[in-house]
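Raw input38.csv, CSV, C-alpha atoms:
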```csv
chain,number,residue,atom,x,y,z
W,11,MET,CA,69.0,78.8,-216.7
W,12,GLN,CA,68.2,75.2,-217.8
W,13,TYR,CA,67.5,72.4,-215.3
W,14,ASP,CA,71.0,70.9,-215.6
W,15,SER,CA,73.8,70.0,-213.3
W,16,GLN,CA,74.6,73.7,-212.7
W,17,TYR,CA,71.1,74.4,-211.6
W,18,LEU,CA,71.1,71.3,-209.3
W,19,LEU,CA,74.5,72.4,-207.8
W,20,PHE,CA,73.2,76.0,-207.0
W,21,PHE,CA,69.9,74.7,-205.7
W,22,THR,CA,71.5,72.1,-203.4
W,23,THR,CA,74.0,74.5,-201.9
W,24,SER,CA,71.4,77.1,-201.2
W,25,LEU,CA,69.0,74.6,-199.7
W,26,ILE,CA,71.7,73.2,-197.4
W,27,TYR,CA,72.5,76.8,-196.3
W,28,ILE,CA,68.8,77.5,-195.5
W,29,VAL,CA,68.4,74.2,-193.6
W,30,VAL,CA,71.6,75.0,-191.6
W,31,CYS,CA,70.3,78.4,-190.7
W,32,ALA,CA,66.9,76.9,-189.7
W,33,TYR,CA,68.8,74.6,-187.4
W,34,GLY,CA,70.7,77.5,-186.0
W,35,TRP,CA,67.5,79.3,-185.2
W,36,LEU,CA,66.1,76.2,-183.4
W,37,LEU,CA,69.3,75.8,-181.5
W,38,LYS,CA,69.5,79.4,-180.3
W,39,THR,CA,65.7,79.6,-179.6
W,40,PHE,CA,65.1,76.4,-177.6
W,41,TYR,CA,68.4,74.8,-176.6
W,42,VAL,CA,69.7,75.6,-173.1
W,43,PRO,CA,72.8,73.7,-171.9
W,44,ALA,CA,72.1,72.0,-168.6
W,45,ALA,CA,75.4,73.3,-167.1
W,46,TYR,CA,74.4,76.9,-167.7
W,47,LYS,CA,70.7,76.7,-167.1
W,48,ASP,CA,70.7,79.0,-164.1
W,49,VAL,CA,72.9,81.7,-165.7
W,50,PHE,CA,72.1,81.2,-169.4
W,51,GLY,CA,70.6,84.7,-169.7
W,52,GLU,CA,73.7,86.3,-168.3
W,53,LEU,CA,76.1,84.3,-170.4
W,54,TYR,CA,74.2,84.8,-173.7
W,55,PRO,CA,72.1,88.0,-173.4
W,56,ALA,CA,72.0,88.4,-177.2
W,57,ARG,CA,70.8,84.8,-178.0
W,58,HIS,CA,67.4,86.0,-179.3
W,59,SER,CA,69.1,88.5,-181.7
W,60,LEU,CA,71.3,85.7,-182.9
W,61,ALA,CA,68.2,83.5,-183.4
W,62,ASN,CA,66.6,86.3,-185.4
W,63,LEU,CA,69.7,86.5,-187.6
W,64,PHE,CA,69.3,82.8,-188.5
W,65,MET,CA,65.6,83.2,-189.0
W,66,MET,CA,66.0,86.1,-191.4
W,67,GLN,CA,67.8,83.8,-193.9
W,68,VAL,CA,64.4,82.5,-194.9
W,69,PHE,CA,64.2,85.3,-197.4
W,70,GLU,CA,66.6,83.1,-199.5
W,71,ILE,CA,63.8,80.6,-200.2
W,72,PRO,CA,62.6,82.4,-203.3
W,73,PHE,CA,66.0,81.9,-204.8
W,74,LEU,CA,65.4,78.1,-204.9
W,75,PHE,CA,62.5,78.6,-207.3
W,76,MET,CA,63.9,81.5,-209.4
W,77,ILE,CA,67.5,80.5,-210.1
W,78,GLY,CA,68.5,82.2,-213.3
W,79,ARG,CA,66.7,85.5,-212.6
W,80,GLU,CA,69.1,88.4,-212.3
W,81,ASP,CA,66.8,90.5,-210.1
W,82,VAL,CA,66.4,87.6,-207.6
W,83,LEU,CA,70.1,87.1,-207.3
W,84,PHE,CA,70.6,90.8,-206.8
W,85,PHE,CA,67.9,90.9,-204.1
W,86,ILE,CA,69.3,87.9,-202.3
W,87,ASN,CA,72.9,89.1,-202.2
W,88,GLY,CA,71.9,92.7,-201.3
W,89,ALA,CA,69.5,91.6,-198.5
W,90,SER,CA,72.1,89.1,-197.1
W,91,LEU,CA,74.8,91.8,-197.0
W,92,MET,CA,72.6,94.3,-195.1
W,93,PHE,CA,70.9,91.9,-192.7
W,94,ILE,CA,74.0,90.1,-191.7
W,95,THR,CA,76.2,93.2,-191.3
W,96,SER,CA,73.6,95.1,-189.3
W,97,TYR,CA,72.8,92.1,-187.1
W,98,LEU,CA,76.5,91.6,-186.4
W,99,VAL,CA,76.4,95.1,-184.9
W,100,VAL,CA,73.3,94.2,-182.9
W,101,LEU,CA,74.9,91.0,-181.6
W,102,ILE,CA,78.1,92.6,-180.4
W,103,LYS,CA,76.2,95.4,-178.7
W,104,GLY,CA,73.6,93.1,-177.3
W,105,TYR,CA,76.2,90.6,-175.9
W,106,PHE,CA,78.7,93.0,-174.5
W,107,PHE,CA,76.3,95.7,-173.3
W,108,LEU,CA,78.2,98.4,-175.1
W,109,ASP,CA,75.0,100.5,-175.4
W,110,PHE,CA,71.6,100.5,-173.7
W,111,TYR,CA,70.1,97.6,-175.6
W,112,THR,CA,66.3,97.6,-176.1
W,113,PRO,CA,63.9,96.3,-178.8
W,114,ARG,CA,63.1,99.9,-179.7
W,115,ARG,CA,66.8,100.7,-180.4
W,116,LEU,CA,67.0,97.4,-182.4
W,117,ILE,CA,64.1,98.6,-184.6
W,118,ILE,CA,65.7,102.0,-185.2
W,119,LEU,CA,69.0,100.3,-186.0
W,120,GLN,CA,67.4,98.0,-188.5
W,121,HIS,CA,65.1,100.6,-190.1
W,122,PRO,CA,67.4,101.5,-193.0
W,123,VAL,CA,67.8,97.8,-193.8
W,124,MET,CA,64.1,97.1,-193.8
W,125,THR,CA,63.4,100.1,-196.0
W,126,CYS,CA,66.1,99.0,-198.5
W,127,TRP,CA,65.0,95.4,-198.3
W,128,ILE,CA,61.5,96.4,-199.5
W,129,ALA,CA,63.0,98.4,-202.4
W,130,LEU,CA,65.1,95.4,-203.4
W,131,MET,CA,62.1,93.2,-203.4
W,132,LEU,CA,59.9,95.4,-205.7
W,133,PRO,CA,61.3,94.0,-209.0
W,134,VAL,CA,61.1,90.4,-207.7
W,135,ILE,CA,57.3,90.7,-207.1
W,136,GLY,CA,56.8,92.6,-210.4
W,137,VAL,CA,56.0,96.1,-209.0
W,138,ILE,CA,58.8,97.8,-211.0
W,139,GLU,CA,61.1,96.8,-213.7
W,140,PHE,CA,64.7,95.6,-213.0
W,141,THR,CA,66.7,98.0,-215.1
W,142,PRO,CA,70.4,98.9,-215.2
W,143,VAL,CA,69.7,102.3,-213.7
W,144,TYR,CA,67.7,100.8,-210.9
W,145,LYS,CA,70.5,98.3,-210.2
W,146,MET,CA,73.1,101.0,-210.2
W,147,ILE,CA,71.1,103.2,-207.7
W,148,MET,CA,70.3,100.3,-205.4
W,149,THR,CA,74.0,99.1,-205.5
W,150,VAL,CA,75.1,102.5,-204.3
W,151,VAL,CA,72.4,102.6,-201.6
W,152,VAL,CA,73.1,99.1,-200.3
W,153,LEU,CA,76.9,99.8,-200.1
W,154,ALA,CA,76.3,103.1,-198.4
W,155,ILE,CA,74.1,101.5,-195.7
W,156,THR,CA,76.6,98.6,-195.3
W,157,LEU,CA,79.5,101.0,-195.0
W,158,GLY,CA,77.8,102.7,-192.1
W,159,TYR,CA,77.2,99.4,-190.3
W,160,LEU,CA,80.8,98.3,-191.0
W,161,LEU,CA,82.3,101.4,-189.5
W,162,HIS,CA,80.1,101.0,-186.4
W,163,LEU,CA,81.0,97.3,-186.3
W,164,ASP,CA,84.7,97.9,-186.3
W,165,ARG,CA,84.5,100.5,-183.6
W,166,CYS,CA,82.5,98.1,-181.4
W,167,ARG,CA,84.9,95.3,-182.2
W,168,LEU,CA,88.0,97.3,-181.2
W,169,ARG,CA,86.2,98.6,-178.1
W,170,VAL,CA,85.3,95.1,-177.0
W,171,MET,CA,88.8,93.7,-177.6
W,172,ASN,CA,90.4,96.6,-175.7
W,173,GLN,CA,88.1,96.0,-172.7
W,174,ILE,CA,88.7,92.2,-172.8
W,175,ARG,CA,92.4,92.9,-172.7
W,176,GLU,CA,92.0,95.2,-169.7
W,177,ILE,CA,90.2,92.3,-167.9
W,178,ASP,CA,93.1,89.9,-168.7
W,179,GLU,CA,95.7,92.5,-167.7
W,180,ASP,CA,94.2,92.6,-164.2
W,181,GLU,CA,95.0,88.9,-163.7
W,182,PHE,CA,98.0,87.9,-165.9
W,183,SER,CA,101.5,89.1,-166.7
W,184,SER,CA,101.9,87.3,-170.0
W,185,ASP,CA,99.8,87.5,-173.2
W,186,ASP,CA,100.2,83.7,-173.7
W,187,ASP,CA,98.2,83.2,-170.4
W,188,PHE,CA,95.2,85.3,-171.4
W,189,PRO,CA,92.2,83.0,-171.2
W,190,ILE,CA,89.9,84.7,-173.7
W,191,LYS,CA,91.5,82.9,-176.6
W,192,LEU,CA,88.2,82.6,-178.6
W,193,ALA,CA,87.6,86.3,-178.6
W,194,ARG,CA,91.2,86.9,-179.8
W,195,SER,CA,91.1,84.2,-182.5
W,196,VAL,CA,87.7,85.3,-184.0
W,197,LYS,CA,88.1,89.1,-183.6
W,198,TRP,CA,88.4,89.5,-187.4
W,199,LEU,CA,85.7,87.1,-188.2
W,200,PRO,CA,82.8,89.6,-188.4
W,201,LEU,CA,84.7,91.8,-190.8
W,202,ILE,CA,85.9,88.9,-192.9
W,203,VAL,CA,82.2,87.7,-193.2
W,204,CYS,CA,81.2,91.2,-194.3
W,205,VAL,CA,83.9,91.4,-197.0
W,206,ILE,CA,82.8,88.0,-198.4
W,207,LEU,CA,79.2,89.3,-198.6
W,208,ILE,CA,80.3,92.5,-200.3
W,209,VAL,CA,82.3,90.5,-202.9
W,210,THR,CA,79.3,88.3,-203.5
W,211,PHE,CA,77.0,91.3,-203.9
W,212,LEU,CA,79.2,93.0,-206.5
W,213,SER,CA,80.1,89.9,-208.5
W,214,ASP,CA,76.6,88.9,-209.8
W,215,SER,CA,78.0,85.3,-210.1
W,216,TYR,CA,76.1,82.2,-209.1
W,217,TYR,CA,79.4,80.4,-208.4
W,218,VAL,CA,80.5,83.2,-206.1
W,219,LYS,CA,77.2,83.0,-204.3
W,220,MET,CA,77.6,79.3,-204.0
W,221,SER,CA,81.1,79.7,-202.5
W,222,ARG,CA,79.6,82.2,-200.0
W,223,ASP,CA,77.0,79.7,-199.0
W,224,ILE,CA,79.6,77.0,-198.5
W,225,ILE,CA,81.8,79.3,-196.3
W,226,LEU,CA,78.7,80.4,-194.2
W,227,ILE,CA,77.7,76.8,-193.9
W,228,GLY,CA,81.1,75.9,-192.5
W,229,ILE,CA,81.0,78.8,-190.0
W,230,ASN,CA,77.4,77.9,-188.9
W,231,VAL,CA,78.3,74.2,-188.4
W,232,TRP,CA,81.4,75.2,-186.4
W,233,PHE,CA,79.2,77.5,-184.3
W,234,ALA,CA,76.7,74.7,-183.7
W,235,ILE,CA,79.4,72.3,-182.6
W,236,TYR,CA,80.8,75.0,-180.3
W,237,SER,CA,77.4,75.7,-178.8
W,238,LEU,CA,76.6,72.1,-178.2
W,239,ASN,CA,80.0,71.3,-176.5
W,240,PRO,CA,79.1,70.7,-172.9
W,241,HIS,CA,82.7,70.8,-171.7
W,242,ARG,CA,83.7,74.3,-172.8
W,243,HIS,CA,84.4,76.9,-170.1
W,244,THR,CA,82.5,80.1,-170.4
W,245,LYS,CA,83.4,83.4,-168.7
W,246,LYS,CA,80.8,85.9,-167.8
W,247,LEU,CA,82.2,88.6,-170.0
W,248,PRO,CA,79.1,90.8,-170.3
W,249,GLN,CA,79.1,91.5,-166.5
W,250,GLU,CA,82.9,92.0,-166.4
W,251,LEU,CA,82.8,94.4,-169.4
W,252,LYS,CA,79.9,96.2,-167.8
W,253,LYS,CA,82.1,96.8,-164.7
W,254,LYS,CA,84.7,98.2,-167.0
W,255,GLU,CA,82.2,100.5,-168.6
W,256,SER,CA,81.3,101.9,-165.2
W,257,THR,CA,84.9,103.2,-164.8
W,258,ASP,CA,84.6,105.4,-167.9
W,259,GLU,CA,85.1,109.2,-167.5
W,260,THR,CA,81.5,109.8,-168.3
W,261,ALA,CA,80.2,107.4,-165.7
W,262,THR,CA,79.9,107.9,-161.9
W,263,PRO,CA,83.3,108.2,-160.3
W,264,VAL,CA,84.5,105.0,-158.6
W,265,LYS,CA,84.3,104.9,-154.8
W,266,TYR,CA,87.6,103.5,-153.5
W,267,ARG,CA,87.6,101.4,-150.3
W,268,LEU,CA,91.2,102.0,-149.3
W,269,SER,CA,92.8,105.2,-148.0
W,270,GLU,CA,95.5,107.0,-149.9
W,271,LYS,CA,98.1,106.3,-147.3
W,272,TYR,CA,97.3,102.5,-147.2
W,273,CYS,CA,97.7,102.4,-151.0
W,274,LYS,CA,101.0,104.2,-151.0
W,275,ASP,CA,102.4,102.1,-148.3
W,276,THR,CA,101.2,98.8,-149.9
W,277,GLU,CA,102.5,99.9,-153.3
W,278,LYS,CA,105.9,100.6,-151.8
W,279,LYS,CA,105.9,97.2,-150.0
W,280,LEU,CA,104.7,95.5,-153.2
W,281,ILE,CA,107.5,96.9,-155.3
W,282,GLU,CA,110.1,96.0,-152.7
W,283,ILE,CA,108.9,92.3,-152.5
W,284,ILE,CA,108.7,92.0,-156.3
W,285,TYR,CA,112.3,93.2,-156.6
W,286,GLU,CA,113.6,91.3,-153.7
W,287,LYS,CA,112.2,88.0,-154.9
W,288,LYS,CA,112.6,88.9,-158.6
W,289,LEU,CA,109.0,87.8,-159.2
W,290,TYR,CA,108.9,89.8,-162.4
W,291,LEU,CA,111.4,87.3,-164.0
W,292,GLU,CA,108.9,84.5,-163.6
W,293,GLU,CA,107.4,83.9,-167.0
W,294,HIS,CA,103.8,82.9,-166.0
W,295,LEU,CA,103.4,85.1,-162.9
W,296,THR,CA,99.7,85.7,-162.1
W,297,MET,CA,97.8,88.0,-159.8
W,298,ASN,CA,97.0,85.0,-157.6
W,299,ASP,CA,100.7,84.3,-157.2
W,300,LEU,CA,101.4,87.8,-156.1
W,301,THR,CA,98.5,87.8,-153.7
W,302,GLU,CA,99.9,84.7,-152.0
W,303,VAL,CA,103.3,86.2,-151.7
W,304,MET,CA,101.9,89.5,-150.3
W,305,HIS,CA,99.5,87.6,-147.8
W,306,THR,CA,96.8,90.1,-148.6
W,307,ASN,CA,93.3,90.3,-150.0
W,308,LYS,CA,93.2,90.1,-153.8
W,309,ASN,CA,90.6,92.9,-154.1
W,310,TYR,CA,92.7,95.2,-152.0
W,311,LEU,CA,95.8,94.5,-154.0
W,312,SER,CA,94.0,95.0,-157.3
W,313,GLU,CA,92.8,98.4,-156.0
W,314,VAL,CA,96.3,99.4,-155.0
W,315,ILE,CA,97.7,98.5,-158.4
W,316,ALA,CA,94.8,100.2,-160.2
W,317,ARG,CA,95.5,103.4,-158.3
W,318,SER,CA,99.2,103.3,-158.9
W,319,GLU,CA,101.1,104.7,-162.0
W,320,PHE,CA,101.0,101.2,-163.5
W,321,GLN,CA,97.1,100.9,-163.4
W,322,SER,CA,97.2,97.1,-164.1
W,323,PHE,CA,99.0,94.0,-162.9
W,324,TYR,CA,100.1,93.3,-166.5
W,325,LYS,CA,101.7,96.8,-166.9
W,326,LEU,CA,103.4,96.6,-163.5
W,327,ILE,CA,105.2,93.3,-164.1
W,328,ASN,CA,106.0,94.0,-167.7
W,329,THR,CA,107.3,97.5,-166.9
W,330,LEU,CA,109.8,95.9,-164.5
W,331,ARG,CA,110.6,93.2,-167.1
W,332,ILE,CA,111.3,95.8,-169.7
W,333,ASN,CA,113.4,97.8,-167.3
W,334,HIS,CA,115.5,94.7,-166.6
W,335,ALA,CA,115.9,94.1,-170.3
W,336,CYS,CA,117.0,97.7,-170.9
W,337,GLU,CA,119.7,97.3,-168.2
W,338,MET,CA,121.0,94.2,-169.9
W,339,LEU,CA,121.0,96.0,-173.3
W,340,ASN,CA,122.8,99.0,-171.8
W,341,GLU,CA,125.5,96.7,-170.4
W,342,ASP,CA,125.8,94.7,-173.6
W,343,PRO,CA,124.1,96.2,-176.7
W,344,SER,CA,125.3,93.2,-178.8
W,345,ALA,CA,123.4,90.7,-176.7
W,346,LYS,CA,120.9,88.5,-178.6
W,347,LEU,CA,117.3,89.8,-178.1
W,348,GLU,CA,116.0,86.3,-177.7
W,349,MET,CA,118.4,85.7,-174.8
W,350,VAL,CA,117.5,89.1,-173.2
W,351,ALA,CA,113.8,88.3,-173.6
W,352,LEU,CA,114.0,84.9,-171.9
W,353,SER,CA,116.2,86.3,-169.1
W,354,SER,CA,113.7,89.1,-168.5
W,355,GLY,CA,110.7,86.8,-168.0
W,356,PHE,CA,109.2,86.8,-171.5
W,357,SER,CA,108.2,83.6,-173.2
W,358,SER,CA,109.8,84.5,-176.6
W,359,GLY,CA,111.6,87.2,-178.5
W,360,SER,CA,108.4,88.1,-180.4
W,361,ALA,CA,106.5,88.6,-177.2
W,362,PHE,CA,109.3,90.7,-175.8
W,363,SER,CA,109.3,92.9,-178.9
W,364,GLN,CA,105.6,93.4,-178.8
W,365,VAL,CA,105.5,94.4,-175.1
W,366,PHE,CA,108.6,96.6,-175.6
W,367,LYS,CA,107.0,98.5,-178.4
W,368,ARG,CA,103.8,98.9,-176.5
W,369,LEU,CA,105.4,100.3,-173.4
W,370,LYS,CA,108.4,102.2,-174.8
W,371,ASP,CA,106.9,103.3,-178.2
W,372,ILE,CA,110.0,102.1,-179.9
W,373,SER,CA,111.3,98.6,-180.9
W,374,PRO,CA,114.2,96.9,-179.1
W,375,LYS,CA,116.3,97.4,-182.2
W,376,GLU,CA,115.6,101.1,-182.2
W,377,TYR,CA,116.5,101.2,-178.5
W,378,ILE,CA,119.8,99.6,-179.3
W,379,SER,CA,120.4,102.1,-182.1
W,380,GLN,CA,119.9,104.9,-179.6
W,381,ILE,CA,122.5,103.3,-177.2
W,382,HIS,CA,125.0,103.2,-180.0
W,383,ALA,CA,124.2,106.8,-181.0
W,384,GLU,CA,125.0,107.9,-177.5
```
Written form, C-alpha cells:
Amino acid sequence: MQYDSQYLLFFTTSLIYIVVCAYGWLLKTFYVPAAYKDVFGELYPARHSLANLFMMQVFEIPFLFMIGREDVLFFINGASLMFITSYLVVLIKGYFFLDFYTPRRLIILQHPVMTCWIALMLPVIGVIEFTPVYKMIMTVVVLAITLGYLLHLDRCRLRVMNQIREIDEDEFSSDDDFPIKLARSVKWLPLIVCVILIVTFLSDSYYVKMSRDIILIGINVWFAIYSLNPHRHTKKLPQELKKKESTDETATPVKYRLSEKYCKDTEKKLIEIIYEKKLYLEEHLTMNDLTEVMHTNKNYLSEVIARSEFQSFYKLINTLRINHACEMLNEDPSAKLEMVALSSGFSSGSAFSQVFKRLKDISPKEYISQIHAE
C-alpha cells in the first residue's frame, strides 16, 4: 500500500483507537471517584480485568507500521476477536461473582487465546510463511475458540439479567420502575461487539477494520464519560447478586427467621389488605408502600412473600392485576385491551401483554379467543 490518503486514513483511525484504549487503561488503573473511594473495590471488583483488556490493545501497534501486509491485518483482527471476546466473559464473571474468580482461573480461561495468539504472530515475525492453507486453518481455530467464549458469554449474560430482574421484582411491581436501566439497555452490547469483531475478522478489508475502530472508539469514549460522571447512582449489584447465588439449590439452605404460622397469618392478612384497599390497581406500587400500609418490618414482609406461592412482590401484585383483568375480559370480551390494562394497574397495553404472557403462558388475545370458544 502506497503512502497516500488511504494509508493516512487507516493509520490515523488505528492510532486514535490505540490512544483511547491507553486512556481507558489509565482511567481504570488509577482513577478512583471520590464519592466511591471507601467502597470502590465492592462496586467495581473487575476493574483490573477491564484495565487489562484496554492494555492488551497495544498489540495493534505493529499495524501502524505494517499497513498493507495481509498477515498483519489477519493477526490484528484475529487477536482482537479472541482477546475481547474472552475478556468480556472474564469481566462479567469478575463483576457479578458468577464463579469463584481467581488469577489462576483467569490464566486457565485465557490459555487458548494466548496459544492461538502466538500462532497468529508467527508469520508476522517471519517464523513461518503466511499461506492460504495456514490462513484457512487459523480462521477455523480462531472461530472455534471464539464460539466457545460466545456461548459462555451468552449464558453468563442471561444468568445475570435473570438475577438482576429477581432483585428488582423484590422491590417493584412495574417493569417501568426497575432501577437497573443501564443493565437492561446494554444487555446486548457484549454480543453486538463480538459480532462486529467476527465480521471484521472474516472480511479482510481495511475499511471494515477502520469502521470497527470507529465503533469501538465511540463505545470507549461513552464508557469514559460514564465512568467520570460524579453524579451517577451506583447500586452494589455484586453483593446483591451474590446473595441471590446463595439461594441456589446447590447452596446451603436458607435459614428463615419467621415461623410457618407467622408467615401464613401474615400472608392472609396481606392479601386481605391488598384486596380491601385495591392496592394492586396502583400503577407504581412499591414494596416500601406495602410495608407502610402493613405497619411491619420490610425484611419480615419480604420473607413472607418469598415463602408464599408468589415468591416475589412483583409476581404477587401482577398476579392480582392479571386476575382483575381476566375478570373484566370475562364480563366483556370485546373490551379494549388498553382500557383493561390501565384499569388493572398497568402503565400501558404493551406492558400488560408482556406480563400476561409471562404469567399465563398465553397472550390476552388468545385468552379472549378461549372465552369465545367456551
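Here CA of Leu326 (chain W) is placed at a distance of 16.2 Å from CA of Asp275 (chain W).
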Inset, instruction - Pick out the residues sitting within 12 Å of Gly78 (chain W), and hand them over as a PyMOL selection string; count only C-alpha atoms, and ignore anything fewer than 5 positions along from it in its own chain. - result: chain W and resi 11-14+16-18+20-21+72-73+83-84+214-216
Inset, instruction - For Cys336 (chain W), work out the shell of residues within 9 Å, counting all atoms listed in the file and skipping chain neighbours fewer than 5 positions away, then give it as a PyMOL selection string. - result: chain W and resi 331+341+350+374+377
Inset, instruction - Would you list the contacts of Tyr290 (chain W) as number ranges by chain, taking every protein, DNA or RNA residue within 9 Å and counting only C-alpha atoms, but skipping same-chain residues closer than 4 positions in sequence? - result: W: 183, 284-285, 295, 326-328, 330-331, 354-355
Env of region 309-323 of chain W: 12 Å cut, atoms = all atoms listed in the file, seq-sep filter 2 positions within chain, self excluded. Answer as an mmCIF file with C-alpha atoms, keeping the file's coordinate frame.
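Writing the result to selection29.cif gives the following:
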```cif
data_model
loop_
_atom_site.group_PDB
_atom_site.id
_atom_site.type_symbol
_atom_site.label_atom_id
_atom_site.label_comp_id
_atom_site.auth_asym_id
_atom_site.auth_seq_id
_atom_site.Cartn_x
_atom_site.Cartn_y
_atom_site.Cartn_z
ATOM 1 C CA ARG W 175 92.400 92.900 -172.700
ATOM 2 C CA GLU W 176 92.000 95.200 -169.700
ATOM 3 C CA ILE W 177 90.200 92.300 -167.900
ATOM 4 C CA ASP W 178 93.100 89.900 -168.700
ATOM 5 C CA GLU W 179 95.700 92.500 -167.700
ATOM 6 C CA ASP W 180 94.200 92.600 -164.200
ATOM 7 C CA GLU W 181 95.000 88.900 -163.700
ATOM 8 C CA PHE W 182 98.000 87.900 -165.900
ATOM 9 C CA SER W 183 101.500 89.100 -166.700
ATOM 10 C CA SER W 184 101.900 87.300 -170.000
ATOM 11 C CA THR W 257 84.900 103.200 -164.800
ATOM 12 C CA VAL W 264 84.500 105.000 -158.600
ATOM 13 C CA LYS W 265 84.300 104.900 -154.800
ATOM 14 C CA TYR W 266 87.600 103.500 -153.500
ATOM 15 C CA ARG W 267 87.600 101.400 -150.300
ATOM 16 C CA LEU W 268 91.200 102.000 -149.300
ATOM 17 C CA SER W 269 92.800 105.200 -148.000
ATOM 18 C CA GLU W 270 95.500 107.000 -149.900
ATOM 19 C CA LYS W 271 98.100 106.300 -147.300
ATOM 20 C CA TYR W 272 97.300 102.500 -147.200
ATOM 21 C CA CYS W 273 97.700 102.400 -151.000
ATOM 22 C CA LYS W 274 101.000 104.200 -151.000
ATOM 23 C CA ASP W 275 102.400 102.100 -148.300
ATOM 24 C CA THR W 276 101.200 98.800 -149.900
ATOM 25 C CA GLU W 277 102.500 99.900 -153.300
ATOM 26 C CA LYS W 278 105.900 100.600 -151.800
ATOM 27 C CA LYS W 279 105.900 97.200 -150.000
ATOM 28 C CA LEU W 280 104.700 95.500 -153.200
ATOM 29 C CA ILE W 281 107.500 96.900 -155.300
ATOM 30 C CA ILE W 284 108.700 92.000 -156.300
ATOM 31 C CA TYR W 290 108.900 89.800 -162.400
ATOM 32 C CA LEU W 295 103.400 85.100 -162.900
ATOM 33 C CA THR W 296 99.700 85.700 -162.100
ATOM 34 C CA MET W 297 97.800 88.000 -159.800
ATOM 35 C CA ASN W 298 97.000 85.000 -157.600
ATOM 36 C CA ASP W 299 100.700 84.300 -157.200
ATOM 37 C CA LEU W 300 101.400 87.800 -156.100
ATOM 38 C CA THR W 301 98.500 87.800 -153.700
ATOM 39 C CA GLU W 302 99.900 84.700 -152.000
ATOM 40 C CA VAL W 303 103.300 86.200 -151.700
ATOM 41 C CA MET W 304 101.900 89.500 -150.300
ATOM 42 C CA HIS W 305 99.500 87.600 -147.800
ATOM 43 C CA THR W 306 96.800 90.100 -148.600
ATOM 44 C CA ASN W 307 93.300 90.300 -150.000
ATOM 45 C CA LYS W 325 101.700 96.800 -166.900
ATOM 46 C CA LEU W 326 103.400 96.600 -163.500
ATOM 47 C CA ILE W 327 105.200 93.300 -164.100
ATOM 48 C CA ASN W 328 106.000 94.000 -167.700
ATOM 49 C CA THR W 329 107.300 97.500 -166.900
ATOM 50 C CA LEU W 330 109.800 95.900 -164.500
ATOM 51 C CA LEU W 369 105.400 100.300 -173.400
#
```
Inset, instruction - Counting only C-alpha atoms, figure out which residue out of W:Val365, W:Ile102, W:Ile332, W:Ala89 gets nearest to Arg165 (chain W). - result: W:Ile102
Would you mind putting N, CA and C atoms back on region 138-151 of chain W and writing the result as a PDB file, in the coordinates of the input?
```pdb
ATOM      1  N   ILE W 138      58.033  96.926-210.050  1.00  0.00           N
ATOM      2  CA  ILE W 138      58.800  97.800-211.000  1.00  0.00           C
ATOM      3  C   ILE W 138      59.710  96.896-211.806  1.00  0.00           C
ATOM      4  N   GLU W 139      60.269  97.515-212.839  1.00  0.00           N
ATOM      5  CA  GLU W 139      61.100  96.800-213.700  1.00  0.00           C
ATOM      6  C   GLU W 139      62.585  96.832-213.244  1.00  0.00           C
ATOM      7  N   PHE W 140      63.278  95.719-213.386  1.00  0.00           N
ATOM      8  CA  PHE W 140      64.700  95.600-213.000  1.00  0.00           C
ATOM      9  C   PHE W 140      65.536  96.146-214.137  1.00  0.00           C
ATOM     10  N   THR W 141      65.951  97.407-214.059  1.00  0.00           N
ATOM     11  CA  THR W 141      66.700  98.000-215.100  1.00  0.00           C
ATOM     12  C   THR W 141      68.144  98.304-214.670  1.00  0.00           C
ATOM     13  N   PRO W 142      69.075  98.580-215.602  1.00  0.00           N
ATOM     14  CA  PRO W 142      70.400  98.900-215.200  1.00  0.00           C
ATOM     15  C   PRO W 142      70.521 100.137-214.300  1.00  0.00           C
ATOM     16  N   VAL W 143      69.650 101.132-214.550  1.00  0.00           N
ATOM     17  CA  VAL W 143      69.700 102.300-213.700  1.00  0.00           C
ATOM     18  C   VAL W 143      69.219 101.989-212.286  1.00  0.00           C
ATOM     19  N   TYR W 144      68.149 101.196-212.171  1.00  0.00           N
ATOM     20  CA  TYR W 144      67.700 100.800-210.900  1.00  0.00           C
ATOM     21  C   TYR W 144      68.784  99.990-210.134  1.00  0.00           C
ATOM     22  N   LYS W 145      69.432  99.099-210.846  1.00  0.00           N
ATOM     23  CA  LYS W 145      70.500  98.300-210.200  1.00  0.00           C
ATOM     24  C   LYS W 145      71.637  99.143-209.756  1.00  0.00           C
ATOM     25  N   MET W 146      72.034 100.144-210.539  1.00  0.00           N
ATOM     26  CA  MET W 146      73.100 101.000-210.200  1.00  0.00           C
ATOM     27  C   MET W 146      72.786 101.817-208.903  1.00  0.00           C
ATOM     28  N   ILE W 147      71.562 102.374-208.881  1.00  0.00           N
ATOM     29  CA  ILE W 147      71.100 103.200-207.700  1.00  0.00           C
ATOM     30  C   ILE W 147      71.080 102.327-206.467  1.00  0.00           C
ATOM     31  N   MET W 148      70.478 101.145-206.567  1.00  0.00           N
ATOM     32  CA  MET W 148      70.300 100.300-205.400  1.00  0.00           C
ATOM     33  C   MET W 148      71.699  99.748-204.935  1.00  0.00           C
ATOM     34  N   THR W 149      72.619  99.546-205.860  1.00  0.00           N
ATOM     35  CA  THR W 149      74.000  99.100-205.500  1.00  0.00           C
ATOM     36  C   THR W 149      74.633 100.158-204.610  1.00  0.00           C
ATOM     37  N   VAL W 150      74.524 101.417-205.033  1.00  0.00           N
ATOM     38  CA  VAL W 150      75.100 102.500-204.300  1.00  0.00           C
ATOM     39  C   VAL W 150      74.441 102.612-202.886  1.00  0.00           C
ATOM     40  N   VAL W 151      73.105 102.504-202.839  1.00  0.00           N
ATOM     41  CA  VAL W 151      72.400 102.600-201.600  1.00  0.00           C
ATOM     42  C   VAL W 151      72.759 101.481-200.624  1.00  0.00           C
TER      43      VAL W 151
END
```
